[in-house]
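Below is start16.csv, which holds CSV, C-alpha atoms.
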chain,number,residue,atom,x,y,z
A,1,MET,CA,0.0,0.0,0.0
A,2,LEU,CA,2.8,2.4,0.9
A,3,LYS,CA,4.6,1.7,-2.4
A,4,LYS,CA,1.4,2.4,-4.3
A,5,TYR,CA,0.9,5.7,-2.4
A,6,PHE,CA,4.3,7.1,-3.2
A,7,THR,CA,4.3,5.8,-6.8
A,8,GLN,CA,0.9,7.5,-7.4
A,9,LEU,CA,2.0,10.7,-5.7
A,10,GLU,CA,5.2,10.9,-7.7
A,11,THR,CA,3.3,10.3,-11.0
A,12,SER,CA,0.6,12.8,-10.1
A,13,LEU,CA,3.2,15.5,-9.2
A,14,LYS,CA,5.3,14.8,-12.2
A,15,ASN,CA,2.3,15.4,-14.5
A,16,LYS,CA,1.6,18.6,-12.7
A,17,LEU,CA,5.2,19.8,-13.0
A,18,GLU,CA,5.1,19.1,-16.7
A,19,SER,CA,2.0,21.2,-16.9
A,20,LYS,CA,3.4,24.0,-14.7
A,21,THR,CA,6.5,24.1,-12.6
A,22,THR,CA,6.3,25.7,-9.2
A,23,ALA,CA,8.7,25.6,-6.3
A,24,ARG,CA,6.1,23.9,-4.0
A,25,ARG,CA,5.3,21.2,-6.6
A,26,LYS,CA,9.0,20.5,-7.2
A,27,PHE,CA,9.7,20.2,-3.5
A,28,VAL,CA,6.8,17.8,-2.8
A,29,TYR,CA,7.7,15.8,-5.9
A,30,GLU,CA,11.3,15.3,-4.8
A,31,ILE,CA,10.1,14.2,-1.3
A,32,ALA,CA,7.7,11.7,-3.1
A,33,ARG,CA,10.7,10.4,-5.1
A,34,ILE,CA,12.5,9.6,-1.9
A,35,GLY,CA,9.4,7.7,-0.7
A,36,THR,CA,9.5,5.5,-3.9
A,37,ARG,CA,13.2,5.0,-3.5
A,38,ILE,CA,12.7,2.9,-0.3
A,39,PHE,CA,11.3,0.2,-2.6
A,40,ASP,CA,14.2,0.4,-5.1
A,41,ASP,CA,16.7,-2.5,-4.8
A,42,ASN,CA,19.5,-0.2,-5.7
A,43,TRP,CA,19.1,1.5,-2.3
A,44,SER,CA,19.1,0.3,1.3
A,45,ILE,CA,16.4,1.5,3.7
A,46,GLY,CA,17.3,3.6,6.7
A,47,TRP,CA,14.7,4.7,9.3
A,48,THR,CA,16.1,7.6,11.3
A,49,THR,CA,15.3,10.6,13.5
A,50,VAL,CA,15.4,14.0,12.0
A,51,PHE,CA,18.9,15.2,12.7
A,52,VAL,CA,20.8,12.2,11.2
A,53,PRO,CA,23.1,13.6,8.4
A,54,TYR,CA,21.5,12.4,5.1
A,55,GLU,CA,24.5,13.4,3.1
A,56,LEU,CA,26.3,10.5,4.7
A,57,LEU,CA,23.4,8.1,4.1
A,58,SER,CA,22.9,9.0,0.4
A,59,SER,CA,26.7,8.7,-0.1
A,60,MET,CA,26.3,5.1,0.8
A,61,ASN,CA,23.1,4.6,-1.2
A,62,VAL,CA,21.0,4.4,1.8
A,63,SER,CA,17.6,6.1,1.5
A,64,GLY,CA,16.9,7.7,4.8
A,65,MET,CA,13.5,8.6,6.2
A,66,PHE,CA,12.9,10.2,9.6
A,67,VAL,CA,10.1,8.7,11.6
A,68,GLU,CA,8.4,12.1,12.3
A,69,PHE,CA,8.0,12.6,8.6
A,70,PHE,CA,6.1,9.4,8.3
A,71,GLY,CA,3.9,10.3,11.3
A,72,ALA,CA,3.1,13.6,9.6
A,73,MET,CA,2.5,12.0,6.2
A,74,LEU,CA,0.0,9.5,7.8
A,75,ALA,CA,-1.8,12.3,9.5
A,76,GLY,CA,-2.0,14.3,6.3
A,77,THR,CA,-3.6,11.4,4.5
A,78,GLY,CA,-6.1,10.8,7.2
A,79,MET,CA,-4.5,7.4,8.1
A,80,SER,CA,-3.0,8.2,11.5
A,81,ARG,CA,-6.1,7.4,13.6
A,82,LYS,CA,-5.9,3.7,12.7
A,83,TYR,CA,-2.2,3.4,13.9
A,84,LEU,CA,-2.7,5.6,17.0
A,85,ASP,CA,-5.6,3.3,18.0
A,86,LEU,CA,-3.4,0.2,17.4
A,87,SER,CA,-0.4,1.5,19.4
A,88,GLU,CA,-2.6,2.7,22.3
A,89,SER,CA,-4.3,-0.7,22.4
A,90,LYS,CA,-0.9,-2.2,23.0
A,91,GLY,CA,-0.3,0.1,26.0
A,92,TYR,CA,1.4,3.2,24.5
A,93,SER,CA,0.3,6.2,26.5
A,94,THR,CA,-1.6,9.1,24.9
A,95,ASP,CA,0.8,11.3,26.9
A,96,SER,CA,3.6,10.4,24.5
A,97,CYS,CA,4.3,12.0,21.1
A,98,SER,CA,1.7,11.1,18.5
A,99,TYR,CA,4.3,11.3,15.7
A,100,HIS,CA,6.1,8.4,17.4
A,101,ARG,CA,3.0,6.4,18.4
A,102,THR,CA,1.7,6.6,14.8
A,103,ILE,CA,4.9,5.2,13.3
A,104,ILE,CA,5.1,2.4,16.0
A,105,GLY,CA,1.5,1.5,15.1
A,106,ALA,CA,2.3,1.4,11.4
A,107,ALA,CA,5.3,-0.8,12.1
A,108,MET,CA,3.2,-3.2,14.2
A,109,ASP,CA,0.6,-3.3,11.4
A,110,GLY,CA,3.1,-4.2,8.7
A,111,LEU,CA,2.8,-1.0,6.8
A,112,LEU,CA,6.5,-0.2,6.9
A,113,PRO,CA,9.0,-2.1,4.8
A,114,GLU,CA,11.7,-3.7,6.8
A,115,PRO,CA,14.6,-1.4,7.4
A,116,ASP,CA,18.2,-2.3,6.7
A,117,VAL,CA,19.5,0.2,9.3
A,118,LEU,CA,18.0,2.2,12.1
A,119,ILE,CA,19.9,5.3,13.2
A,120,GLY,CA,18.8,7.8,15.9
A,121,ALA,CA,20.2,11.0,17.3
A,122,SER,CA,19.8,12.2,20.8
A,123,ILE,CA,18.4,15.5,19.6
A,124,PRO,CA,15.9,17.0,19.2
A,125,CYS,CA,14.3,14.5,21.7
A,126,ASN,CA,14.6,11.0,23.1
A,127,GLY,CA,11.1,10.1,22.1
A,128,GLY,CA,12.3,9.5,18.5
A,129,VAL,CA,15.1,7.3,19.7
A,130,LYS,CA,12.7,5.3,21.8
A,131,ALA,CA,10.4,4.9,18.8
A,132,LEU,CA,13.3,3.6,16.8
A,133,LYS,CA,14.2,1.1,19.5
A,134,ARG,CA,10.6,-0.2,19.4
A,135,ILE,CA,10.8,-0.5,15.6
A,136,GLY,CA,14.1,-2.3,16.1
A,137,GLU,CA,12.4,-4.8,18.4
A,138,ILE,CA,9.6,-5.3,15.8
A,139,PHE,CA,12.1,-6.1,13.0
A,140,ASN,CA,14.7,-7.6,15.3
A,141,LYS,CA,17.3,-5.0,14.2
A,142,GLU,CA,20.0,-3.2,16.1
A,143,VAL,CA,19.7,0.6,16.5
A,144,PHE,CA,22.7,2.8,16.1
A,145,ILE,CA,22.4,6.0,18.3
A,146,LEU,CA,24.4,9.2,17.8
A,147,ASN,CA,24.9,10.9,21.2
A,148,ILE,CA,25.0,14.6,20.3
A,149,PRO,CA,27.1,16.8,22.6
A,150,ILE,CA,25.4,20.0,23.9
A,151,GLU,CA,28.6,22.1,24.1
A,152,VAL,CA,30.0,23.8,21.0
A,153,THR,CA,33.7,23.0,21.4
A,154,PRO,CA,36.4,21.4,19.2
A,155,LYS,CA,36.4,18.4,21.6
A,156,SER,CA,32.7,18.0,21.0
A,157,VAL,CA,33.1,18.1,17.3
A,158,ASP,CA,35.9,15.5,17.5
A,159,TYR,CA,33.6,13.3,19.6
A,160,LEU,CA,30.7,13.4,17.1
A,161,THR,CA,33.0,13.0,14.1
A,162,GLU,CA,34.3,9.7,15.7
A,163,GLN,CA,30.6,8.6,16.1
A,164,PHE,CA,30.1,9.3,12.4
A,165,GLU,CA,33.0,7.0,11.6
A,166,GLN,CA,31.4,4.3,13.7
A,167,MET,CA,28.1,4.9,12.0
A,168,ILE,CA,29.7,4.3,8.6
A,169,GLU,CA,31.1,1.0,9.9
A,170,TYR,CA,27.6,0.1,11.2
A,171,ILE,CA,26.0,0.8,7.8
A,172,GLU,CA,28.7,-1.1,6.0
A,173,SER,CA,28.3,-4.2,8.3
A,174,GLU,CA,24.5,-4.1,8.0
A,175,THR,CA,24.2,-3.4,4.2
A,176,GLY,CA,27.5,-4.2,2.7
A,177,ARG,CA,27.6,-0.8,1.1
A,178,LYS,CA,30.7,1.3,1.2
A,179,LEU,CA,31.1,5.1,1.6
A,180,ASP,CA,31.7,6.9,-1.6
A,181,TYR,CA,34.0,9.6,-0.3
A,182,ASP,CA,33.9,11.6,-3.6
A,183,LYS,CA,30.1,11.5,-3.5
A,184,LEU,CA,30.2,12.7,0.1
A,185,LYS,CA,32.5,15.6,-0.8
A,186,ASN,CA,30.2,16.5,-3.7
A,187,SER,CA,27.2,16.4,-1.4
A,188,ILE,CA,28.9,19.1,0.8
A,189,LYS,CA,29.3,21.2,-2.4
A,190,TYR,CA,25.6,20.8,-3.1
A,191,ASN,CA,24.8,21.6,0.5
A,192,ASN,CA,26.7,24.9,0.3
A,193,GLU,CA,25.0,25.9,-3.0
A,194,ALA,CA,21.5,25.1,-1.6
A,195,ARG,CA,22.3,27.0,1.6
A,196,GLU,CA,23.0,30.2,-0.4
A,197,TYR,CA,19.6,30.0,-2.1
A,198,LEU,CA,17.8,29.2,1.1
A,199,ILE,CA,19.3,32.3,2.8
A,200,GLU,CA,18.3,34.4,-0.1
A,201,LEU,CA,14.7,33.1,-0.1
A,202,ASN,CA,14.4,33.7,3.6
A,203,LYS,CA,15.7,37.2,3.2
A,204,LEU,CA,13.0,37.8,0.5
A,205,CYS,CA,10.4,36.6,3.0
A,206,MET,CA,11.5,39.5,5.3
A,207,ASN,CA,9.9,41.9,2.8
A,208,VAL,CA,6.6,43.6,3.8
A,209,PRO,CA,4.4,42.2,2.3
A,210,SER,CA,6.1,38.8,2.3
A,211,PRO,CA,6.1,37.0,-1.1
A,212,ALA,CA,5.2,33.8,0.6
A,213,ASN,CA,1.8,32.6,1.8
A,214,SER,CA,1.3,30.4,4.8
A,215,ASN,CA,1.6,27.2,2.9
A,216,ASP,CA,4.5,27.9,0.6
A,217,LEU,CA,7.0,26.8,3.1
A,218,LYS,CA,4.8,24.5,5.2
A,219,ASN,CA,6.8,21.6,6.6
A,220,PHE,CA,9.9,22.8,4.7
A,221,ILE,CA,12.0,21.1,7.4
A,222,MET,CA,11.6,18.0,5.2
A,223,ILE,CA,14.2,19.5,2.9
A,224,VAL,CA,16.7,17.8,5.2
A,225,LEU,CA,15.8,14.6,3.3
A,226,LEU,CA,17.3,16.2,0.2
A,227,GLN,CA,20.4,17.7,1.8
A,228,GLY,CA,23.5,17.1,-0.2
A,229,THR,CA,21.7,16.5,-3.5
A,230,LYS,CA,21.4,18.4,-6.7
A,231,GLU,CA,17.6,18.3,-6.2
A,232,SER,CA,18.0,20.3,-3.0
A,233,VAL,CA,19.8,23.0,-5.0
A,234,GLU,CA,17.1,22.9,-7.7
A,235,VAL,CA,14.3,23.2,-5.1
A,236,ALA,CA,16.0,26.1,-3.2
A,237,LYS,CA,16.7,28.0,-6.4
A,238,LEU,CA,13.1,27.6,-7.6
A,239,TYR,CA,11.8,29.1,-4.4
A,240,ARG,CA,14.4,31.9,-4.5
A,241,ASP,CA,13.4,32.8,-8.1
A,242,GLU,CA,9.7,32.5,-7.4
A,243,PHE,CA,9.9,34.8,-4.4
A,244,LYS,CA,12.2,37.2,-6.1
A,245,PHE,CA,9.7,37.6,-9.0
A,246,ARG,CA,6.9,38.3,-6.5
A,247,VAL,CA,9.0,40.9,-4.7
A,248,ASP,CA,10.2,42.6,-7.9
A,249,ASN,CA,6.6,42.7,-9.2
A,250,ASN,CA,5.0,43.7,-5.8
A,251,LEU,CA,3.1,40.5,-5.6
A,252,GLY,CA,2.6,39.6,-2.0
A,253,GLY,CA,1.5,36.2,-0.7
A,254,LEU,CA,-1.8,38.0,0.3
A,255,GLN,CA,-3.6,40.9,-1.3
A,256,GLU,CA,-3.7,42.6,2.1
A,257,GLU,CA,-1.2,41.6,4.7
A,258,LYS,CA,-2.5,42.8,8.1
A,259,TYR,CA,-0.7,40.5,10.5
A,260,ARG,CA,2.7,38.8,10.1
A,261,LEU,CA,3.0,35.7,12.2
A,262,MET,CA,5.8,33.4,13.3
A,263,TRP,CA,5.2,29.7,13.7
A,264,ILE,CA,7.1,27.9,16.5
A,265,GLN,CA,8.0,24.2,16.2
A,266,ASN,CA,5.8,21.9,14.0
A,267,ARG,CA,2.8,22.7,11.8
A,268,ILE,CA,-0.5,20.9,12.3
A,269,GLN,CA,-0.3,17.9,10.0
A,270,PHE,CA,-3.9,16.8,9.5
A,271,LYS,CA,-6.2,18.7,7.2
A,272,THR,CA,-7.6,21.9,8.8
A,273,ASP,CA,-8.9,25.2,7.4
A,274,LEU,CA,-7.2,27.3,10.1
A,275,LEU,CA,-4.6,28.9,8.0
A,276,ARG,CA,-6.9,29.5,5.0
A,277,ILE,CA,-9.4,31.2,7.3
A,278,LEU,CA,-6.7,33.4,8.9
A,279,GLU,CA,-5.5,34.5,5.5
A,280,GLU,CA,-8.8,35.0,3.8
A,281,ASN,CA,-10.8,36.5,6.6
A,282,TYR,CA,-8.2,38.3,8.7
A,283,GLY,CA,-5.2,39.0,6.4
A,284,ALA,CA,-3.0,37.0,8.8
A,285,LYS,CA,-0.2,34.8,7.5
A,286,ILE,CA,2.8,32.8,8.5
A,287,VAL,CA,5.9,34.7,7.3
A,288,ILE,CA,8.5,32.6,9.1
A,289,ASP,CA,8.7,29.1,10.6
A,290,GLU,CA,11.2,28.7,13.4
A,291,LEU,CA,12.5,25.4,11.9
A,292,ASN,CA,13.1,26.9,8.4
A,293,HIS,CA,15.9,29.1,9.8
A,294,ILE,CA,19.4,28.4,8.3
A,295,TRP,CA,21.8,28.5,11.2
A,296,TRP,CA,25.0,26.7,9.9
A,297,GLU,CA,28.0,28.2,8.2
A,298,PRO,CA,29.4,27.1,4.8
A,299,MET,CA,30.8,23.6,5.0
A,300,ASP,CA,34.3,22.3,4.1
A,301,GLU,CA,34.3,19.8,1.2
A,302,ASP,CA,37.7,18.6,2.3
A,303,ASP,CA,36.6,17.8,5.8
A,304,PRO,CA,33.0,16.6,5.4
A,305,LEU,CA,32.6,14.6,8.7
A,306,ARG,CA,33.7,17.5,10.9
A,307,SER,CA,31.5,19.9,8.9
A,308,LEU,CA,28.5,17.7,9.4
A,309,ALA,CA,29.3,17.4,13.1
A,310,THR,CA,29.6,21.1,13.5
A,311,ARG,CA,26.3,21.7,11.8
A,312,ILE,CA,24.4,19.4,14.2
A,313,ILE,CA,26.1,20.6,17.4
A,314,THR,CA,25.4,24.3,16.6
A,315,HIS,CA,21.7,23.7,15.9
A,316,PRO,CA,19.6,26.2,18.1
A,317,ILE,CA,17.6,23.3,19.6
A,318,VAL,CA,20.7,21.6,20.9
A,319,GLY,CA,21.8,22.5,24.5
A,320,PRO,CA,20.5,25.3,26.7
A,321,ALA,CA,17.1,26.8,25.8
A,322,ASP,CA,18.8,30.3,25.7
A,323,ARG,CA,20.3,29.4,22.2
A,324,ARG,CA,16.8,28.7,20.8
A,325,LEU,CA,15.3,31.8,22.5
A,326,ASP,CA,18.0,34.0,21.0
A,327,VAL,CA,17.2,32.7,17.5
A,328,ILE,CA,13.4,33.0,18.0
A,329,THR,CA,13.7,36.6,19.2
A,330,GLN,CA,16.1,37.5,16.3
A,331,LEU,CA,13.7,36.0,13.8
A,332,ALA,CA,10.8,37.9,15.3
A,333,GLN,CA,12.7,41.2,14.7
A,334,ASP,CA,14.2,40.3,11.3
A,335,TYR,CA,10.8,39.3,9.9
A,336,LYS,CA,8.9,42.2,11.5
A,337,ILE,CA,6.3,39.9,13.0
A,338,ASP,CA,3.3,41.0,14.9
A,339,GLY,CA,2.7,37.8,16.9
A,340,ALA,CA,3.9,34.2,17.4
A,341,VAL,CA,1.9,31.0,17.3
A,342,ASN,CA,3.2,28.0,19.3
A,343,PRO,CA,1.0,24.8,18.7
A,344,ALA,CA,2.5,23.4,22.0
A,345,HIS,CA,2.3,19.9,20.5
A,346,TRP,CA,0.8,17.5,23.0
A,347,GLY,CA,3.4,15.0,24.2
A,348,CYS,CA,6.4,17.1,23.0
A,349,ARG,CA,8.4,17.8,26.1
A,350,GLN,CA,10.8,20.3,24.4
A,351,SER,CA,8.0,22.4,22.9
A,352,ALA,CA,5.3,22.3,25.6
A,353,GLY,CA,8.0,22.4,28.3
A,354,ALA,CA,9.5,25.6,26.9
A,355,ARG,CA,6.2,27.5,26.3
A,356,VAL,CA,6.6,29.9,29.1
A,357,LEU,CA,10.2,30.7,28.0
A,358,PHE,CA,9.0,31.4,24.5
A,359,LYS,CA,6.3,33.8,25.7
A,360,ASP,CA,8.5,35.6,28.1
A,361,ALA,CA,11.4,36.0,25.6
A,362,LEU,CA,9.1,37.4,22.9
A,363,GLN,CA,7.2,39.6,25.4
A,364,LYS,CA,10.5,41.4,26.2
A,365,ILE,CA,10.6,42.7,22.6
A,366,GLY,CA,6.9,43.5,22.5
A,367,ILE,CA,5.7,40.4,20.6
A,368,PRO,CA,2.6,38.6,21.9
A,369,THR,CA,2.5,34.8,21.8
A,370,ILE,CA,-0.5,32.4,21.6
A,371,HIS,CA,-0.1,28.8,22.7
A,372,LEU,CA,-2.5,26.4,21.0
A,373,ASP,CA,-3.1,23.3,23.0
A,374,VAL,CA,-3.2,20.9,20.1
A,375,ASP,CA,-1.8,17.6,19.0
A,376,CYS,CA,-0.2,18.1,15.6
A,377,VAL,CA,-0.8,14.6,14.4
A,378,ASP,CA,-3.8,13.3,16.4
A,379,GLU,CA,-7.0,15.1,15.2
A,380,ARG,CA,-9.3,13.2,17.6
A,381,ASN,CA,-9.2,15.9,20.2
A,382,TYR,CA,-9.0,18.8,17.8
A,383,ALA,CA,-11.7,21.4,18.4
A,384,PRO,CA,-11.7,23.7,15.3
A,385,GLY,CA,-14.3,26.1,16.7
A,386,GLN,CA,-12.5,26.6,20.0
A,387,ILE,CA,-9.1,27.1,18.3
A,388,MET,CA,-10.6,29.6,15.8
A,389,THR,CA,-12.2,31.5,18.7
A,390,ARG,CA,-8.8,31.8,20.5
A,391,MET,CA,-7.1,32.9,17.3
A,392,GLU,CA,-9.7,35.6,16.6
A,393,ALA,CA,-9.2,36.9,20.1
A,394,PHE,CA,-5.4,36.9,19.6
A,395,LEU,CA,-5.7,38.8,16.3
A,396,GLU,CA,-8.0,41.3,18.0
A,397,MET,CA,-5.4,41.9,20.6
A,398,LEU,CA,-2.7,42.3,18.0
A,399,SER,CA,-4.8,45.1,16.3
A,400,LYS,CA,-4.5,47.1,19.5
A,401,TYR,CA,-0.6,46.9,19.6

When written as structure tokens, how does the structure in this file appear?
Amino acid sequence: MLKKYFTQLETSLKNKLESKTTARRKFVYEIARIGTRIFDDNWSIGWTTVFVPYELLSSMNVSGMFVEFFGAMLAGTGMSRKYLDLSESKGYSTDSCSYHRTIIGAAMDGLLPEPDVLIGASIPCNGGVKALKRIGEIFNKEVFILNIPIEVTPKSVDYLTEQFEQMIEYIESETGRKLDYDKLKNSIKYNNEAREYLIELNKLCMNVPSPANSNDLKNFIMIVLLQGTKESVEVAKLYRDEFKFRVDNNLGGLQEEKYRLMWIQNRIQFKTDLLRILEENYGAKIVIDELNHIWWEPMDEDDPLRSLATRIITHPIVGPADRRLDVITQLAQDYKIDGAVNPAHWGCRQSAGARVLFKDALQKIGIPTIHLDVDCVDERNYAPGQIMTRMEAFLEMLSKY
């Protein structure tokens, strides 16, 4: 069923691209191609958490997929409820993250193809690692875990670089595939090229009005699956060109942009009219997602492992919350936002646990924050009327600032 889904999605998007090329279509098309690749015998399958370096995996012909992406995909297609019910019937608490409960239920039900490797990272949360461990038990597979240091020091970079070397050995032993070092170096080159376009497109979104609407860059964090590929460069360039055209021709993402909002953490993954209503009825749109921020410096093609280690260790979510708060407050100022929306995803300790810190940090620079008590994957407890009422009250408050 999963193979059929990705194949049909890829075919449908390919036809649409041939009819009209847009950045969003190209982006989703390339993600769909990664989905079909997990059924390609020329590639091995790797289930991972989100911050595993995909440049390394693709340089060994391992098609990597992070488990949260699959949880989001199942929610977006309306399939998550079945797998949430299944995992909960086996004793998995509803207090845990639904991204992870969904993927565990899908593995139990036989939806997922058997992985060749399972690789987790200790950031952004240990829930993903625990989900991988359960998937490992289901498929009787060993899980390799990257322990990410929280201090940004040369010693920490050395430590993580050594773990990458061990990860390469693990993949070789499990799949028989060897690291293509020239391919890895080339992936760093692609990464640097894509990075420049991504920085440009983000700067374009700082314009008032922003050239992007709320959905243009929805779930754009999934571009990590393309990192180190020519496709990532193509996607980033298409977005840059599209947004530049809109700015140059005074074409905003909305006819009238009244409220500029920042989205903290994850988007709501199941189908909802919330953003459409905010845009059409109130002129409110998302101009920046926290997780779309480009934080890393250009990478060294001649020292790829250390460059990849540095990128992970310096991520704003790693280490003390102050790092993340500094980035959020800077983004708020750079994008001239009027308010911030934090979905406070149920079961996410790092998001829900930091909600007061988000609000206090942004309040210091005069930016109000609304916390939406929602589960981004599980729609069973979603109350659209209640959420909309709270958002309307929030926008009314913004109008008085």

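Distance check against Lys183 of chain A using all atoms listed in the file: of A:Glu114, A:Phe270, A:Lys359, A:Gly228, the minimum falls on A:Gly228.
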
Extract, using all atoms listed in the file, all DNA, RNA and protein residues at most 10 Å from Leu254 of chain A, discarding same-chain residues fewer than 3 positions from it, and format them as a ChimeraX atom specification. /A:209-214,251,257-258,279-280,283-285

Please determine, counting all atoms listed in the file, which residue among A:Asp360, A:Asn15, A:Glu30, A:Leu217 has the shortest atom-to-atom distance to Glu231 of chain A.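 Under the stated criterion, the closest residue is A:Glu30.
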
Pick the closest to Asp326 of chain A from A:Phe358, A:Glu301, A:Ile119, A:Asn342: which is it, counting all atoms listed in the file?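 Looking only at the distances to Asp326 of chain A, the closest residue turns out to be A:Phe358.
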
Residues of segment 133-232 of chain A within 10 Å of segment 304-310 of chain A: nearest atom pair and distance (Å, one decimal) for each, counting all atoms listed in the file, sorted by chain and number, as JSON lines?
{"residue": "A:Ile148", "atom": "CA", "partner": "A:Ala309", "partner_atom": "CA", "distance": 8.8}
{"residue": "A:Pro149", "atom": "CA", "partner": "A:Ala309", "partner_atom": "CA", "distance": 9.8}
{"residue": "A:Val152", "atom": "CA", "partner": "A:Thr310", "partner_atom": "CA", "distance": 8.0}
{"residue": "A:Thr153", "atom": "CA", "partner": "A:Thr310", "partner_atom": "CA", "distance": 9.1}
{"residue": "A:Pro154", "atom": "CA", "partner": "A:Thr310", "partner_atom": "CA", "distance": 8.9}
{"residue": "A:Ser156", "atom": "CA", "partner": "A:Ala309", "partner_atom": "CA", "distance": 8.6}
{"residue": "A:Val157", "atom": "CA", "partner": "A:Ala309", "partner_atom": "CA", "distance": 5.7}
{"residue": "A:Asp158", "atom": "CA", "partner": "A:Arg306", "partner_atom": "CA", "distance": 7.2}
{"residue": "A:Tyr159", "atom": "CA", "partner": "A:Ala309", "partner_atom": "CA", "distance": 8.8}
{"residue": "A:Leu160", "atom": "CA", "partner": "A:Ala309", "partner_atom": "CA", "distance": 5.8}
{"residue": "A:Thr161", "atom": "CA", "partner": "A:Arg306", "partner_atom": "CA", "distance": 5.6}
{"residue": "A:Glu162", "atom": "CA", "partner": "A:Leu305", "partner_atom": "CA", "distance": 8.7}
{"residue": "A:Gln163", "atom": "CA", "partner": "A:Ala309", "partner_atom": "CA", "distance": 9.4}
{"residue": "A:Phe164", "atom": "CA", "partner": "A:Leu305", "partner_atom": "CA", "distance": 6.9}
{"residue": "A:Glu165", "atom": "CA", "partner": "A:Leu305", "partner_atom": "CA", "distance": 8.1}
{"residue": "A:Tyr181", "atom": "CA", "partner": "A:Pro304", "partner_atom": "CA", "distance": 9.1}
{"residue": "A:Leu184", "atom": "CA", "partner": "A:Pro304", "partner_atom": "CA", "distance": 7.2}
{"residue": "A:Lys185", "atom": "CA", "partner": "A:Pro304", "partner_atom": "CA", "distance": 6.3}
{"residue": "A:Asn186", "atom": "CA", "partner": "A:Pro304", "partner_atom": "CA", "distance": 9.5}
{"residue": "A:Ser187", "atom": "CA", "partner": "A:Pro304", "partner_atom": "CA", "distance": 8.9}
{"residue": "A:Ile188", "atom": "CA", "partner": "A:Pro304", "partner_atom": "CA", "distance": 6.6}
{"residue": "A:Lys189", "atom": "CA", "partner": "A:Pro304", "partner_atom": "CA", "distance": 9.8}

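Note that the spacing between atom CA of Tyr335 of chain A and atom CA of Leu362 of chain A amounts to 13.2 Å.
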
A:Tyr99, A:Phe144, A:Phe39, A:Tyr83 ranked by distance to Val52 of chain A, top pick (using all atoms listed in the file):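 Comparing A:Tyr99, A:Phe144, A:Phe39, A:Tyr83 against Val52 of chain A, the winner is A:Phe144.
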
Could you tell me how far atom CA of Phe27 of chain A lies from atom CA of Leu198 of chain A, in Å and to one decimal?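 Here the two named atoms are 13.0 Å from each other.
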
Have a look at atom CA of Leu372 of chain A and atom CA of Val341 of chain A and let me know their distance in Å, one decimal.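 Taking atom CA of Leu372 of chain A as the start and atom CA of Val341 of chain A as the end point, the length is 7.4 Å.
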
Counting only C-alpha atoms, the residue of A:Arg276, A:Thr329, A:Val67, A:Asp334 that sits nearest Val208 of chain A: A:Asp334

Env of Pro316 of chain A: 7 Å cut, atoms = only C-alpha atoms, seq-sep filter 6 positions within chain, self excluded. Answer as a list in words.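 The residues satisfying every condition are Arg323, Arg324 and Val327 of chain A.
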
Residue among A:Lys203, A:Gly366, A:Thr102, A:Ile288 lying closest to Met79 of chain A, counting all atoms listed in the file: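 Ranked by minimum distance to Met79 of chain A, first place goes to A:Thr102.
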
Contacts of Thr77 of chain A within 12 Å, all atoms listed in the file, excl. fewer than 6 positions in-chain, as a CSV table (one decimal) with C-alpha atoms, keeping the file's coordinate frame:
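Heads up, here's the output in out.csv:
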chain,number,residue,atom,x,y,z
A,2,LEU,CA,2.8,2.4,0.9
A,5,TYR,CA,0.9,5.7,-2.4
A,6,PHE,CA,4.3,7.1,-3.2
A,9,LEU,CA,2.0,10.7,-5.7
A,70,PHE,CA,6.1,9.4,8.3
A,71,GLY,CA,3.9,10.3,11.3
A,269,GLN,CA,-0.3,17.9,10.0
A,270,PHE,CA,-3.9,16.8,9.5
A,271,LYS,CA,-6.2,18.7,7.2
A,377,VAL,CA,-0.8,14.6,14.4
A,379,GLU,CA,-7.0,15.1,15.2

Can you tell me, as a tab-separated table (two decimals) with C-alpha atoms, in the coordinates of the input, what residues are no more than 9 Å from Glu196 of chain A when counting only C-alpha atoms, ignoring any on the same chain fewer than 3 positions away?
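Wrote selection-v8.tsv, looks like this:
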chain	number	residue	atom	x	y	z
A	191	ASN	CA	24.80	21.60	0.50
A	192	ASN	CA	26.70	24.90	0.30
A	193	GLU	CA	25.00	25.90	-3.00
A	199	ILE	CA	19.30	32.30	2.80
A	200	GLU	CA	18.30	34.40	-0.10
A	201	LEU	CA	14.70	33.10	-0.10
A	236	ALA	CA	16.00	26.10	-3.20
A	237	LYS	CA	16.70	28.00	-6.40
A	298	PRO	CA	29.40	27.10	4.80

Within 10 Å of (24.7, -1.0, 8.3), all atoms listed in the file: residues as a ChimeraX atom specification? /A:44-46,60,62,116-119,142-144,167-178
